[in-house]
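A.B. asks: Next comes coords-v6.tsv, TSV, C-alpha atoms and all ligand atoms:
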```tsv
chain	number	residue	atom	x	y	z
A	1	MET	CA	109.04	73.99	160.08
A	2	LEU	CA	109.74	77.57	159.11
A	3	ARG	CA	111.81	76.29	156.23
A	4	SER	CA	109.04	74.08	154.98
A	5	THR	CA	106.51	76.91	155.26
A	6	VAL	CA	108.76	79.17	153.22
A	7	LEU	CA	109.30	76.40	150.69
A	8	THR	CA	105.56	75.76	150.42
A	9	ALA	CA	104.92	79.47	150.03
A	10	ALA	CA	107.58	79.69	147.34
A	11	LEU	CA	106.12	76.73	145.48
A	12	PHE	CA	102.65	78.17	145.73
A	13	ALA	CA	103.87	81.50	144.48
A	14	THR	CA	105.55	79.83	141.51
A	15	THR	CA	102.45	77.85	140.68
A	16	PHE	CA	100.26	80.88	141.14
A	17	PHE	CA	102.36	83.02	138.87
A	18	SER	CA	102.74	80.43	136.15
A	19	ALA	CA	99.01	79.67	136.28
A	20	GLN	CA	98.38	83.38	136.02
A	21	ALA	CA	100.78	83.67	133.11
A	22	ALA	CA	99.10	80.77	131.34
A	23	GLU	CA	95.68	82.33	131.83
A	24	GLN	CA	96.82	85.84	130.94
A	25	PRO	CA	94.30	87.04	128.39
A	26	ARG	CA	96.41	87.64	125.32
A	27	ALA	CA	93.30	87.82	123.19
A	28	VAL	CA	93.56	90.37	120.41
A	29	LEU	CA	91.44	91.45	117.46
A	30	ILE	CA	92.97	93.31	114.53
A	31	ILE	CA	91.09	94.68	111.53
A	32	HIS	CA	91.57	96.51	108.24
A	33	GLY	CA	89.25	98.51	106.02
A	34	GLY	CA	91.45	98.49	102.93
A	35	ALA	CA	94.76	99.87	101.77
A	36	GLY	CA	95.44	102.73	99.38
A	37	VAL	CA	93.86	105.73	101.07
A	38	ILE	CA	94.50	109.07	99.42
A	39	LYS	CA	94.58	111.79	102.02
A	40	ARG	CA	93.45	114.76	100.00
A	41	THR	CA	90.20	113.18	98.87
A	42	MET	CA	88.78	112.31	102.25
A	43	SER	CA	86.41	114.77	103.93
A	44	ALA	CA	86.62	115.33	107.68
A	45	GLN	CA	83.13	113.90	108.04
A	46	ASP	CA	83.97	110.72	106.11
A	47	GLU	CA	87.12	110.30	108.14
A	48	ALA	CA	85.23	110.64	111.42
A	49	GLU	CA	82.55	108.18	110.31
A	50	ILE	CA	85.18	105.69	109.16
A	51	ARG	CA	86.99	105.85	112.49
A	52	THR	CA	83.69	105.42	114.34
A	53	ALA	CA	82.75	102.36	112.25
A	54	MET	CA	86.16	100.81	112.80
A	55	LYS	CA	85.97	101.33	116.57
A	56	LYS	CA	82.52	99.74	116.60
A	57	ALA	CA	83.83	96.77	114.60
A	58	LEU	CA	86.67	96.34	117.10
A	59	LYS	CA	84.41	96.60	120.14
A	60	ASP	CA	81.68	94.34	118.78
A	61	GLY	CA	84.27	91.77	117.72
A	62	TYR	CA	86.17	91.88	120.99
A	63	GLN	CA	82.94	91.56	122.94
A	64	GLN	CA	82.64	88.05	121.52
A	65	ILE	CA	86.06	87.12	122.86
A	66	LYS	CA	85.24	88.64	126.24
A	67	GLN	CA	82.19	86.39	126.39
A	68	GLY	CA	84.45	83.39	125.89
A	69	LYS	CA	83.44	82.84	122.26
A	70	PRO	CA	85.91	81.58	119.65
A	71	ALA	CA	88.01	83.78	117.37
A	72	VAL	CA	85.78	83.00	114.42
A	73	ASP	CA	82.88	84.77	116.20
A	74	ALA	CA	85.00	87.88	116.74
A	75	VAL	CA	86.01	87.93	113.08
A	76	THR	CA	82.42	87.49	111.92
A	77	ALA	CA	81.09	90.22	114.22
A	78	ALA	CA	83.78	92.75	113.23
A	79	ILE	CA	83.41	92.15	109.50
A	80	THR	CA	79.61	92.36	109.66
A	81	VAL	CA	79.91	95.90	111.08
A	82	LEU	CA	82.28	96.93	108.28
A	83	GLU	CA	80.10	95.32	105.58
A	84	ASP	CA	77.11	97.30	106.89
A	85	SER	CA	79.00	100.62	106.74
A	86	PRO	CA	78.77	102.42	103.37
A	87	HIS	CA	82.37	103.61	103.72
A	88	PHE	CA	84.12	100.38	102.84
A	89	ASN	CA	84.34	98.34	99.67
A	90	ALA	CA	82.43	95.40	101.14
A	91	GLY	CA	78.71	94.79	101.53
A	92	LYS	CA	76.94	98.16	101.35
A	93	GLY	CA	79.25	100.62	99.59
A	94	ALA	CA	81.03	98.03	97.45
A	95	VAL	CA	82.60	99.19	94.19
A	96	PHE	CA	80.83	98.59	90.87
A	97	THR	CA	81.72	96.21	88.09
A	98	HIS	CA	82.08	97.44	84.51
A	99	ASP	CA	78.42	96.46	84.00
A	100	GLY	CA	77.25	98.54	86.96
A	101	LYS	CA	76.75	95.71	89.45
A	102	ASN	CA	78.00	95.13	92.98
A	103	GLU	CA	79.60	91.69	92.92
A	104	LEU	CA	80.80	90.51	96.28
A	105	ASP	CA	83.45	88.04	97.46
A	106	SER	CA	84.38	86.88	100.95
A	107	SER	CA	86.08	84.14	102.96
A	108	ILE	CA	86.75	82.97	106.49
A	109	MET	CA	89.15	80.45	108.02
A	110	GLU	CA	89.51	78.92	111.46
A	111	GLY	CA	93.11	78.19	112.49
A	112	LYS	CA	92.95	75.18	114.76
A	113	THR	CA	90.63	73.13	112.54
A	114	ARG	CA	91.77	74.62	109.21
A	115	ARG	CA	88.13	74.74	108.24
A	116	ALA	CA	87.37	77.42	105.66
A	117	GLY	CA	84.44	78.84	103.73
A	118	ALA	CA	84.11	81.33	100.88
A	119	VAL	CA	81.63	82.85	98.44
A	120	ALA	CA	82.38	84.72	95.23
A	121	GLY	CA	80.43	86.73	92.66
A	122	VAL	CA	77.28	87.18	94.74
A	123	HIS	CA	74.77	90.03	94.26
A	124	HIS	CA	72.06	89.58	96.89
A	125	ILE	CA	73.66	88.35	100.11
A	126	ARG	CA	73.58	91.27	102.54
A	127	ASN	CA	76.54	90.00	104.58
A	128	PRO	CA	78.83	87.80	102.49
A	129	ILE	CA	80.95	86.98	105.56
A	130	LEU	CA	77.93	85.20	107.08
A	131	ALA	CA	77.57	83.19	103.89
A	132	SER	CA	81.27	82.25	104.00
A	133	ARG	CA	80.82	81.15	107.57
A	134	ALA	CA	77.77	79.07	106.63
A	135	VAL	CA	79.75	77.42	103.82
A	136	MET	CA	82.45	76.57	106.36
A	137	GLU	CA	80.12	75.23	109.02
A	138	LYS	CA	77.06	73.94	107.18
A	139	SER	CA	78.41	72.52	103.93
A	140	SER	CA	81.05	70.02	102.94
A	141	HIS	CA	82.57	72.57	100.55
A	142	VAL	CA	85.01	75.45	100.84
A	143	MET	CA	83.89	77.82	98.06
A	144	LEU	CA	80.54	78.50	96.40
A	145	VAL	CA	80.05	81.00	93.58
A	146	GLY	CA	77.24	83.02	91.98
A	147	ASP	CA	73.69	81.68	91.90
A	148	GLY	CA	74.62	78.49	93.73
A	149	ALA	CA	76.11	80.46	96.61
A	150	GLU	CA	72.95	82.57	96.79
A	151	ALA	CA	70.67	79.52	96.75
A	152	PHE	CA	72.73	78.05	99.59
A	153	ALA	CA	72.57	81.33	101.56
A	154	LYS	CA	68.79	81.37	101.13
A	155	GLU	CA	68.52	77.79	102.37
A	156	GLN	CA	70.56	78.81	105.40
A	157	GLY	CA	68.13	81.60	106.20
A	158	LEU	CA	70.60	84.43	105.54
A	159	THR	CA	69.27	87.88	104.60
A	160	LEU	CA	69.06	88.42	100.84
A	161	VAL	CA	68.53	91.96	99.56
A	162	ASP	CA	67.69	93.74	96.33
A	163	PRO	CA	71.07	94.68	94.75
A	164	ILE	CA	70.15	98.37	95.04
A	165	TYR	CA	70.90	97.99	98.79
A	166	PHE	CA	74.64	97.92	98.03
A	167	LYS	CA	74.66	101.06	95.86
A	168	THR	CA	76.16	104.33	97.07
A	169	GLU	CA	76.34	107.50	94.97
A	170	LYS	CA	80.05	107.87	95.64
A	171	ARG	CA	80.92	104.47	94.18
A	172	TRP	CA	78.53	104.98	91.26
A	173	LYS	CA	80.20	108.28	90.36
A	174	GLN	CA	83.63	106.66	90.60
A	175	LEU	CA	82.57	104.07	88.05
A	176	GLN	CA	81.11	106.73	85.74
A	177	ARG	CA	84.42	108.62	85.82
A	178	VAL	CA	86.37	105.50	84.89
A	179	LEU	CA	83.94	104.58	82.09
A	180	GLU	CA	84.17	108.14	80.75
A	181	GLN	CA	87.97	107.97	80.72
A	182	GLU	CA	87.82	104.59	78.99
A	183	LYS	CA	85.46	105.97	76.36
A	184	ARG	CA	87.79	108.87	75.65
A	185	LYS	CA	90.56	106.26	75.51
A	186	THR	CA	92.57	108.21	78.03
A	187	ALA	CA	94.52	106.46	80.71
A	188	VAL	CA	92.65	106.04	83.96
A	189	THR	CA	94.59	108.52	86.04
A	190	ASP	CA	92.15	109.26	88.81
A	191	VAL	CA	94.19	108.25	91.82
A	192	GLU	CA	91.17	108.07	94.06
A	193	VAL	CA	89.59	105.50	91.79
A	194	VAL	CA	92.53	103.31	90.95
A	195	LYS	CA	94.28	103.40	94.29
A	196	HIS	CA	91.45	103.10	96.76
A	197	PHE	CA	90.81	99.46	97.53
A	198	GLY	CA	88.66	99.42	100.69
A	199	THR	CA	88.26	95.70	101.27
A	200	VAL	CA	87.66	94.76	104.90
A	201	GLY	CA	89.22	92.04	107.02
A	202	ALA	CA	89.73	90.83	110.58
A	203	VAL	CA	92.01	88.42	112.42
A	204	ALA	CA	91.37	87.35	116.01
A	205	LEU	CA	93.13	85.42	118.76
A	206	ASP	CA	90.69	84.15	121.38
A	207	ALA	CA	91.26	83.46	125.06
A	208	SER	CA	92.04	79.80	124.40
A	209	GLY	CA	94.71	80.71	121.84
A	210	GLY	CA	92.62	79.95	118.74
A	211	LEU	CA	93.09	82.07	115.63
A	212	ALA	CA	90.69	82.95	112.82
A	213	ALA	CA	90.81	85.30	109.82
A	214	GLY	CA	88.23	86.66	107.38
A	215	THR	CA	88.00	89.06	104.45
A	216	SER	CA	85.13	90.65	102.51
A	217	THR	CA	85.14	92.83	99.38
A	218	GLY	CA	83.40	94.19	96.32
A	219	GLY	CA	86.64	93.47	94.45
A	220	MET	CA	88.28	95.91	92.05
A	221	MET	CA	86.34	98.79	90.51
A	222	ASN	CA	85.35	98.25	86.84
A	223	LYS	CA	86.11	94.52	86.98
A	224	ARG	CA	84.65	92.38	84.18
A	225	TRP	CA	83.89	88.86	83.08
A	226	GLY	CA	83.21	87.49	86.55
A	227	ARG	CA	86.66	88.48	87.76
A	228	VAL	CA	87.43	87.15	91.23
A	229	GLY	CA	90.28	88.56	93.31
A	230	ASP	CA	92.22	87.25	96.28
A	231	SER	CA	89.73	87.99	99.05
A	232	PRO	CA	87.67	84.76	98.76
A	233	ILE	CA	90.71	82.63	97.96
A	234	ILE	CA	92.07	80.74	100.94
A	235	GLY	CA	95.82	81.24	101.08
A	236	ALA	CA	95.75	84.42	98.96
A	237	GLY	CA	93.50	86.94	100.76
A	238	THR	CA	92.79	84.97	103.93
A	239	TRP	CA	94.68	82.41	105.98
A	240	ALA	CA	94.64	81.05	109.54
A	241	ASP	CA	96.45	78.12	111.13
A	242	THR	CA	97.51	77.37	114.70
A	243	ARG	CA	100.35	79.92	114.67
A	244	CYS	CA	99.25	82.76	112.49
A	245	GLY	CA	96.33	84.54	110.81
A	246	VAL	CA	96.33	87.01	107.90
A	247	SER	CA	93.82	89.08	105.93
A	248	GLY	CA	94.98	91.02	102.89
A	249	THR	CA	93.85	94.00	100.85
A	250	GLY	CA	95.20	95.32	97.60
A	251	TRP	CA	95.63	94.41	93.98
A	252	GLY	CA	94.16	90.92	94.18
A	253	GLU	CA	95.88	89.40	91.16
A	254	TYR	CA	99.26	89.92	92.83
A	255	PHE	CA	98.03	88.53	96.15
A	256	ILE	CA	96.86	85.40	94.32
A	257	ARG	CA	100.11	85.01	92.40
A	258	SER	CA	102.14	85.26	95.60
A	259	HIS	CA	99.59	83.32	97.74
A	260	ALA	CA	100.24	86.25	100.03
A	261	ALA	CA	98.30	85.30	103.17
A	262	SER	CA	99.67	81.78	103.53
A	263	ALA	CA	103.13	82.91	102.39
A	264	VAL	CA	103.32	85.31	105.34
A	265	CYS	CA	102.37	82.52	107.77
A	266	GLU	CA	104.79	80.05	106.18
A	267	ARG	CA	107.65	82.50	106.72
A	268	MET	CA	106.70	82.78	110.38
A	269	LYS	CA	106.54	79.00	110.69
A	270	TYR	CA	109.60	77.92	108.71
A	271	LEU	CA	111.86	80.96	109.04
A	272	ASN	CA	110.78	81.84	112.54
A	273	GLU	CA	110.06	85.41	111.47
A	274	THR	CA	107.92	87.88	113.40
A	275	PRO	CA	104.64	89.15	111.89
A	276	ALA	CA	106.43	92.38	110.96
A	277	GLN	CA	109.34	90.59	109.25
A	278	ALA	CA	107.14	88.13	107.34
A	279	GLY	CA	104.70	90.87	106.36
A	280	GLN	CA	107.55	93.07	105.18
A	281	ALA	CA	108.98	90.28	103.01
A	282	ILE	CA	105.72	89.45	101.23
A	283	ILE	CA	103.75	92.73	101.19
A	284	ASN	CA	106.57	95.26	100.90
A	285	LYS	CA	108.99	93.21	98.85
A	286	ASP	CA	107.54	90.28	96.86
A	287	ILE	CA	104.32	91.99	95.85
A	288	VAL	CA	106.02	95.31	95.11
A	289	GLU	CA	108.70	93.61	92.99
A	290	MET	CA	105.98	91.90	90.98
A	291	GLY	CA	104.33	95.30	90.33
A	292	GLY	CA	101.42	95.03	92.77
A	293	ASP	CA	100.44	96.94	95.87
A	294	GLY	CA	98.34	96.68	99.01
A	295	GLY	CA	98.60	95.68	102.65
A	296	ALA	CA	97.74	93.03	105.20
A	297	ILE	CA	97.07	92.45	108.87
A	298	VAL	CA	99.11	89.70	110.51
A	299	LEU	CA	98.54	88.15	113.96
A	300	ALA	CA	100.64	85.48	115.67
A	301	ASN	CA	99.42	83.07	118.36
A	302	SER	CA	101.64	84.99	120.81
A	303	GLY	CA	99.42	88.03	120.37
A	304	GLU	CA	102.09	89.88	118.40
A	305	PHE	CA	100.81	91.58	115.28
A	306	ALA	CA	101.79	93.82	112.37
A	307	PHE	CA	100.14	95.97	109.72
A	308	PRO	CA	102.44	95.94	106.66
A	309	PHE	CA	101.34	98.03	103.68
A	310	ASN	CA	103.01	99.74	100.75
A	311	THR	CA	100.35	102.36	99.92
A	312	ASP	CA	99.67	105.89	101.21
A	313	GLY	CA	97.68	104.44	104.04
A	314	MET	CA	95.58	101.58	105.29
A	315	PHE	CA	92.50	101.66	107.49
A	316	ARG	CA	93.69	99.56	110.40
A	317	GLY	CA	92.98	98.94	114.05
A	318	TRP	CA	93.43	96.68	117.05
A	319	ILE	CA	91.90	96.02	120.42
A	320	GLY	CA	93.31	94.03	123.34
A	321	ALA	CA	92.58	93.12	126.93
A	322	ASP	CA	91.89	96.69	128.09
A	323	GLY	CA	89.05	96.96	125.56
A	324	VAL	CA	90.31	100.26	124.11
A	325	PRO	CA	90.06	100.36	120.30
A	326	HIS	CA	93.05	101.83	118.42
A	327	VAL	CA	92.53	103.02	114.86
A	328	ALA	CA	94.79	104.57	112.20
A	329	ILE	CA	94.41	105.48	108.54
A	330	PHE	CA	97.48	107.23	107.17
A	331	ALA	CA	101.02	105.92	106.88
A	332	ASP	CA	102.51	108.79	108.88
A	333	GLU	CA	100.01	108.54	111.70
A	334	ALA	CA	101.44	107.71	115.12
A	335	PHE	CA	99.88	104.35	115.92
A	336	ALA	CA	100.89	102.08	118.79
A	337	GLY	CA	99.75	99.05	116.81
A	338	ASP	CA	102.16	99.32	113.92
A	339	THR	CA	105.06	97.85	115.82
A	340	ARG	CA	103.46	96.47	118.94
A	341	PRO	CA	105.71	93.86	120.55
A	342	ALA	CA	104.37	90.57	121.95
A	343	LYS	CA	104.70	91.57	125.55
A	344	PRO	CA	104.46	95.30	126.18
B	401	LIG	N1	91.94	92.61	97.11
B	401	LIG	C1	90.68	93.00	96.57
B	401	LIG	C2	90.52	92.37	95.20
B	401	LIG	O1	91.49	92.33	94.45
B	401	LIG	C3	90.53	94.47	96.44
B	401	LIG	C4	90.77	95.24	97.70
B	401	LIG	O2	91.58	94.84	98.54
B	401	LIG	O3	90.14	96.27	97.90
B	401	LIG	O4	89.44	91.97	94.85
```
Could you rewrite the structure in this file as structure tokens?
C.D. replies:
Amino acid sequence: MLRSTVLTAALFATTFFSAQAAEQPRAVLIIHGGAGVIKRTMSAQDEAEIRTAMKKALKDGYQQIKQGKPAVDAVTAAITVLEDSPHFNAGKGAVFTHDGKNELDSSIMEGKTRRAGAVAGVHHIRNPILASRAVMEKSSHVMLVGDGAEAFAKEQGLTLVDPIYFKTEKRWKQLQRVLEQEKRKTAVTDVEVVKHFGTVGAVALDASGGLAAGTSTGGMMNKRWGRVGDSPIIGAGTWADTRCGVSGTGWGEYFIRSHAASAVCERMKYLNETPAQAGQAIINKDIVEMGGDGGAIVLANSGEFAFPFNTDGMFRGWIGADGVPHVAIFADEAFAGDTRPAKP
């Protein structure tokens, strides 16, 4: 009798613990606000506002997961906050094209369904990430560009704005400096201008183990001829499958040529690498060897993540079950997230 009670108790305990382990919320949201930060050019006020915006993006995004919503909702919520902040090169505050326009690109992907949506070269959609999401969910296409993308966004009831909404003095002055240097036929040496990317992205793992990733950008300063970078290209700037999600930031041409986002996930799948190892191989080796630069955020379905980058810094952050947002900017900043193991 005693024996059977002990046995039953032991069985119950085992079941209880394994059920608890299975239900353990491993949900995580990781974000970036661009790679390439130059320390000396950032004012204390800008830095404080950037950190505040990133913490809000993390909290708003994680709130979705806490409410039992899918990863794609967390990604959308986080990126919307960053697009609305003038401090990032996405939505309001985007960089200018050579012709003085803000031309926006974005994409989103859901891991378990491999559904994806993207828009490129848009000038009026207040939140391009919402348009990408609408393309994914409400159309039979993956990518819409220019006027067609805007007509679709209008049909979907998304907010369209006068292009002046996106303009900030800081970005306008940066463009003027580059144009001036071009006119004088001097090399563009302004490090702040050429090395500050500022694209935003998010990758989330929801409570049911689903992954999603998204990216939004104004592209590269002084771009011409309808140039489109990696951010709206599935596999280059954004990728999510059942094991892994990635959002990139950096010199888009190199991210396209190395299909950086999917390459990181393929290494994790086929070589069994960790997010840090796969990120290191693509971001800090492949892309650097090709002559490019930038960074990425990488999240595995185990909850393990990494923030590889090869620039002076990268706006980056994460939030987990305790709901405390962690944010870092500079490479030398102590940041628990940079090497966080799967199970602390
Ligand atoms: N990757 C973006 C592009 O090439 C730029 C950035 O990350 O800021 O369009």
A.B. asks: Taking only C-alpha atoms into account, produce a table as a tab-separated table in which each residue of stretch 162-263 of chain A with an atom at most 9 Å from an atom of stretch 274-287 of chain A appears once, together with its shortest atom pair and the distance in Å to one decimal, ordered by chain and rising number.
C.D. replies:
```
residue	atom	partner	partner_atom	distance
A:Cys244	CA	A:Pro275	CA	8.4
A:Tyr254	CA	A:Ile287	CA	6.2
A:Phe255	CA	A:Ile287	CA	7.2
A:Arg257	CA	A:Ile287	CA	8.9
A:Ser258	CA	A:Ile287	CA	7.1
A:Ala260	CA	A:Ile282	CA	6.5
A:Ala261	CA	A:Ile282	CA	8.7
A:Ala263	CA	A:Ile282	CA	7.1
```
A.B. asks: Can you tell me how far atom CA of A:Lys167 sits from atom CA of A:Ile108, in Å to one decimal?
C.D. replies: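 Value for the atom CA of A:Lys167-atom CA of A:Ile108 distance: 24.2 Å.
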A.B. asks: At a cut-off of 10 Å around ligand LIG 401 (chain B), and using all atoms listed in the file, what residues come up? Please write them as an mmCIF file with C-alpha atoms, in the coordinates of the input.
C.D. replies:
```cif
data_model
loop_
_atom_site.group_PDB
_atom_site.id
_atom_site.type_symbol
_atom_site.label_atom_id
_atom_site.label_comp_id
_atom_site.auth_asym_id
_atom_site.auth_seq_id
_atom_site.Cartn_x
_atom_site.Cartn_y
_atom_site.Cartn_z
ATOM 1 C CA HIS A 32 91.570 96.510 108.240
ATOM 2 C CA GLY A 33 89.250 98.510 106.020
ATOM 3 C CA GLY A 34 91.450 98.490 102.930
ATOM 4 C CA ALA A 35 94.760 99.870 101.770
ATOM 5 C CA GLY A 36 95.440 102.730 99.380
ATOM 6 C CA PHE A 88 84.120 100.380 102.840
ATOM 7 C CA ASN A 89 84.340 98.340 99.670
ATOM 8 C CA ALA A 90 82.430 95.400 101.140
ATOM 9 C CA ALA A 94 81.030 98.030 97.450
ATOM 10 C CA VAL A 95 82.600 99.190 94.190
ATOM 11 C CA LEU A 104 80.800 90.510 96.280
ATOM 12 C CA ASP A 105 83.450 88.040 97.460
ATOM 13 C CA SER A 106 84.380 86.880 100.950
ATOM 14 C CA LYS A 195 94.280 103.400 94.290
ATOM 15 C CA HIS A 196 91.450 103.100 96.760
ATOM 16 C CA PHE A 197 90.810 99.460 97.530
ATOM 17 C CA GLY A 198 88.660 99.420 100.690
ATOM 18 C CA THR A 199 88.260 95.700 101.270
ATOM 19 C CA VAL A 200 87.660 94.760 104.900
ATOM 20 C CA GLY A 201 89.220 92.040 107.020
ATOM 21 C CA THR A 215 88.000 89.060 104.450
ATOM 22 C CA SER A 216 85.130 90.650 102.510
ATOM 23 C CA THR A 217 85.140 92.830 99.380
ATOM 24 C CA GLY A 218 83.400 94.190 96.320
ATOM 25 C CA GLY A 219 86.640 93.470 94.450
ATOM 26 C CA MET A 220 88.280 95.910 92.050
ATOM 27 C CA MET A 221 86.340 98.790 90.510
ATOM 28 C CA LYS A 223 86.110 94.520 86.980
ATOM 29 C CA ARG A 227 86.660 88.480 87.760
ATOM 30 C CA VAL A 228 87.430 87.150 91.230
ATOM 31 C CA GLY A 229 90.280 88.560 93.310
ATOM 32 C CA ASP A 230 92.220 87.250 96.280
ATOM 33 C CA SER A 231 89.730 87.990 99.050
ATOM 34 C CA PRO A 232 87.670 84.760 98.760
ATOM 35 C CA ILE A 233 90.710 82.630 97.960
ATOM 36 C CA ALA A 236 95.750 84.420 98.960
ATOM 37 C CA GLY A 237 93.500 86.940 100.760
ATOM 38 C CA SER A 247 93.820 89.080 105.930
ATOM 39 C CA GLY A 248 94.980 91.020 102.890
ATOM 40 C CA THR A 249 93.850 94.000 100.850
ATOM 41 C CA GLY A 250 95.200 95.320 97.600
ATOM 42 C CA TRP A 251 95.630 94.410 93.980
ATOM 43 C CA GLY A 252 94.160 90.920 94.180
ATOM 44 C CA GLU A 253 95.880 89.400 91.160
ATOM 45 C CA TYR A 254 99.260 89.920 92.830
ATOM 46 C CA PHE A 255 98.030 88.530 96.150
ATOM 47 C CA ILE A 256 96.860 85.400 94.320
ATOM 48 C CA ASP A 293 100.440 96.940 95.870
ATOM 49 C CA GLY A 294 98.340 96.680 99.010
ATOM 50 C CA GLY A 295 98.600 95.680 102.650
ATOM 51 C CA ALA A 296 97.740 93.030 105.200
#
```
A.B. asks: List the spatial neighbours of A:Ala134 as a PyMOL selection string - criterion: any atom at most 12 Å away, only C-alpha atoms, same-chain residues fewer than 4 positions off excluded.
C.D. replies: chain A and resi 72+76+106-109+115-119+127-130+138-144+149-150+152-158
A.B. asks: Using all atoms listed in the file, which residue out of A:Glu137, A:Phe96, A:Ala207, A:Ala151 lies closest to A:Gln176?
C.D. replies: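 With all atoms listed in the file as the atom set, the closest residue is A:Phe96.
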A.B. asks: Would you pick out the contacts of A:Ile319 at 12 Å or less, using only C-alpha atoms, so that residues sharing its chain but fewer than 2 positions from it are not included, and give the list as a VMD selection string?
C.D. replies: chain A and resid 26 to 31 54 to 63 65 to 66 74 78 202 to 206 303 305 316 to 317 321 to 327 336 to 337 340
A.B. asks: Please report the interatomic distance between atom CA of A:Ile125 and atom CA of A:Leu160 in Å with one decimal.
C.D. replies: 4.7 Å
A.B. asks: Find, counting only C-alpha atoms, the residue in A:Gly146, A:Asn301, A:Lys101, A:Thr311 that gets nearest to A:Ala120.
C.D. replies: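 Between A:Gly146, A:Asn301, A:Lys101, A:Thr311, the residue approaching A:Ala120 most closely is A:Gly146.
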A.B. asks: Nearest to A:Phe166 among A:Ala48, A:Val298, A:Ala212, A:Val122, with distances taken over all atoms listed in the file: which residue is it?
C.D. replies: A:Val122
A.B. asks: In Å to one decimal, how far is atom CA of A:Glu333 from atom CA of A:Pro86?
C.D. replies: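 Taking atom CA of A:Pro86 and atom CA of A:Glu333, their separation equals 23.6 Å.
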A.B. asks: Would you mind telling me which residue in A:Arg114, A:His87, A:Lys185, A:His98 lies nearest to A:Asp241 when using all atoms listed in the file?
C.D. replies: A:Arg114
A.B. asks: Which residue, A:Lys170, A:Arg177, A:Arg51, A:Arg224, has the smallest gap to A:Met314 when you use all atoms listed in the file?
C.D. replies: A:Arg51
A.B. asks: May I ask which of the residues A:Gly214, A:Gly100, A:Gly148, A:Gly226 is the closest one to A:Thr168, counting all atoms listed in the file?
C.D. replies: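 Closest to A:Thr168, using all atoms listed in the file: A:Gly100.
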A.B. asks: Take stretch 253-266 of chain A, model N, CA and C atoms, and hand the result over as a PDB file, in the coordinates of the input.
C.D. replies:
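Contents of result_21.pdb, as written:
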```
ATOM      1  N   GLU A 253      95.158  90.318  92.066  1.00  0.00           N
ATOM      2  CA  GLU A 253      95.880  89.400  91.160  1.00  0.00           C
ATOM      3  C   GLU A 253      97.280  89.110  91.724  1.00  0.00           C
ATOM      4  N   TYR A 254      97.909  90.121  92.291  1.00  0.00           N
ATOM      5  CA  TYR A 254      99.260  89.920  92.830  1.00  0.00           C
ATOM      6  C   TYR A 254      99.237  89.128  94.130  1.00  0.00           C
ATOM      7  N   PHE A 255      98.154  89.305  94.906  1.00  0.00           N
ATOM      8  CA  PHE A 255      98.030  88.530  96.150  1.00  0.00           C
ATOM      9  C   PHE A 255      97.779  87.058  95.825  1.00  0.00           C
ATOM     10  N   ILE A 256      97.074  86.798  94.726  1.00  0.00           N
ATOM     11  CA  ILE A 256      96.860  85.400  94.320  1.00  0.00           C
ATOM     12  C   ILE A 256      98.185  84.808  93.841  1.00  0.00           C
ATOM     13  N   ARG A 257      98.879  85.547  93.000  1.00  0.00           N
ATOM     14  CA  ARG A 257     100.110  85.010  92.400  1.00  0.00           C
ATOM     15  C   ARG A 257     101.223  84.814  93.423  1.00  0.00           C
ATOM     16  N   SER A 258     101.107  85.470  94.568  1.00  0.00           N
ATOM     17  CA  SER A 258     102.140  85.260  95.600  1.00  0.00           C
ATOM     18  C   SER A 258     101.565  84.485  96.795  1.00  0.00           C
ATOM     19  N   HIS A 259     100.343  83.939  96.635  1.00  0.00           N
ATOM     20  CA  HIS A 259      99.590  83.320  97.740  1.00  0.00           C
ATOM     21  C   HIS A 259      99.953  84.040  99.047  1.00  0.00           C
ATOM     22  N   ALA A 260      99.679  85.346  99.021  1.00  0.00           N
ATOM     23  CA  ALA A 260     100.240  86.250 100.030  1.00  0.00           C
ATOM     24  C   ALA A 260      99.927  85.845 101.478  1.00  0.00           C
ATOM     25  N   ALA A 261      98.668  85.522 101.766  1.00  0.00           N
ATOM     26  CA  ALA A 261      98.300  85.300 103.170  1.00  0.00           C
ATOM     27  C   ALA A 261      99.011  84.069 103.749  1.00  0.00           C
ATOM     28  N   SER A 262      99.001  82.963 102.991  1.00  0.00           N
ATOM     29  CA  SER A 262      99.670  81.780 103.530  1.00  0.00           C
ATOM     30  C   SER A 262     101.185  81.929 103.470  1.00  0.00           C
ATOM     31  N   ALA A 263     101.681  82.703 102.492  1.00  0.00           N
ATOM     32  CA  ALA A 263     103.130  82.910 102.390  1.00  0.00           C
ATOM     33  C   ALA A 263     103.669  83.622 103.639  1.00  0.00           C
ATOM     34  N   VAL A 264     102.897  84.600 104.122  1.00  0.00           N
ATOM     35  CA  VAL A 264     103.320  85.310 105.340  1.00  0.00           C
ATOM     36  C   VAL A 264     103.414  84.307 106.499  1.00  0.00           C
ATOM     37  N   CYS A 265     102.382  83.473 106.641  1.00  0.00           N
ATOM     38  CA  CYS A 265     102.370  82.520 107.770  1.00  0.00           C
ATOM     39  C   CYS A 265     103.457  81.453 107.608  1.00  0.00           C
ATOM     40  N   GLU A 266     103.719  81.048 106.383  1.00  0.00           N
ATOM     41  CA  GLU A 266     104.790  80.050 106.180  1.00  0.00           C
ATOM     42  C   GLU A 266     106.148  80.630 106.594  1.00  0.00           C
TER      43      GLU A 266
END
```
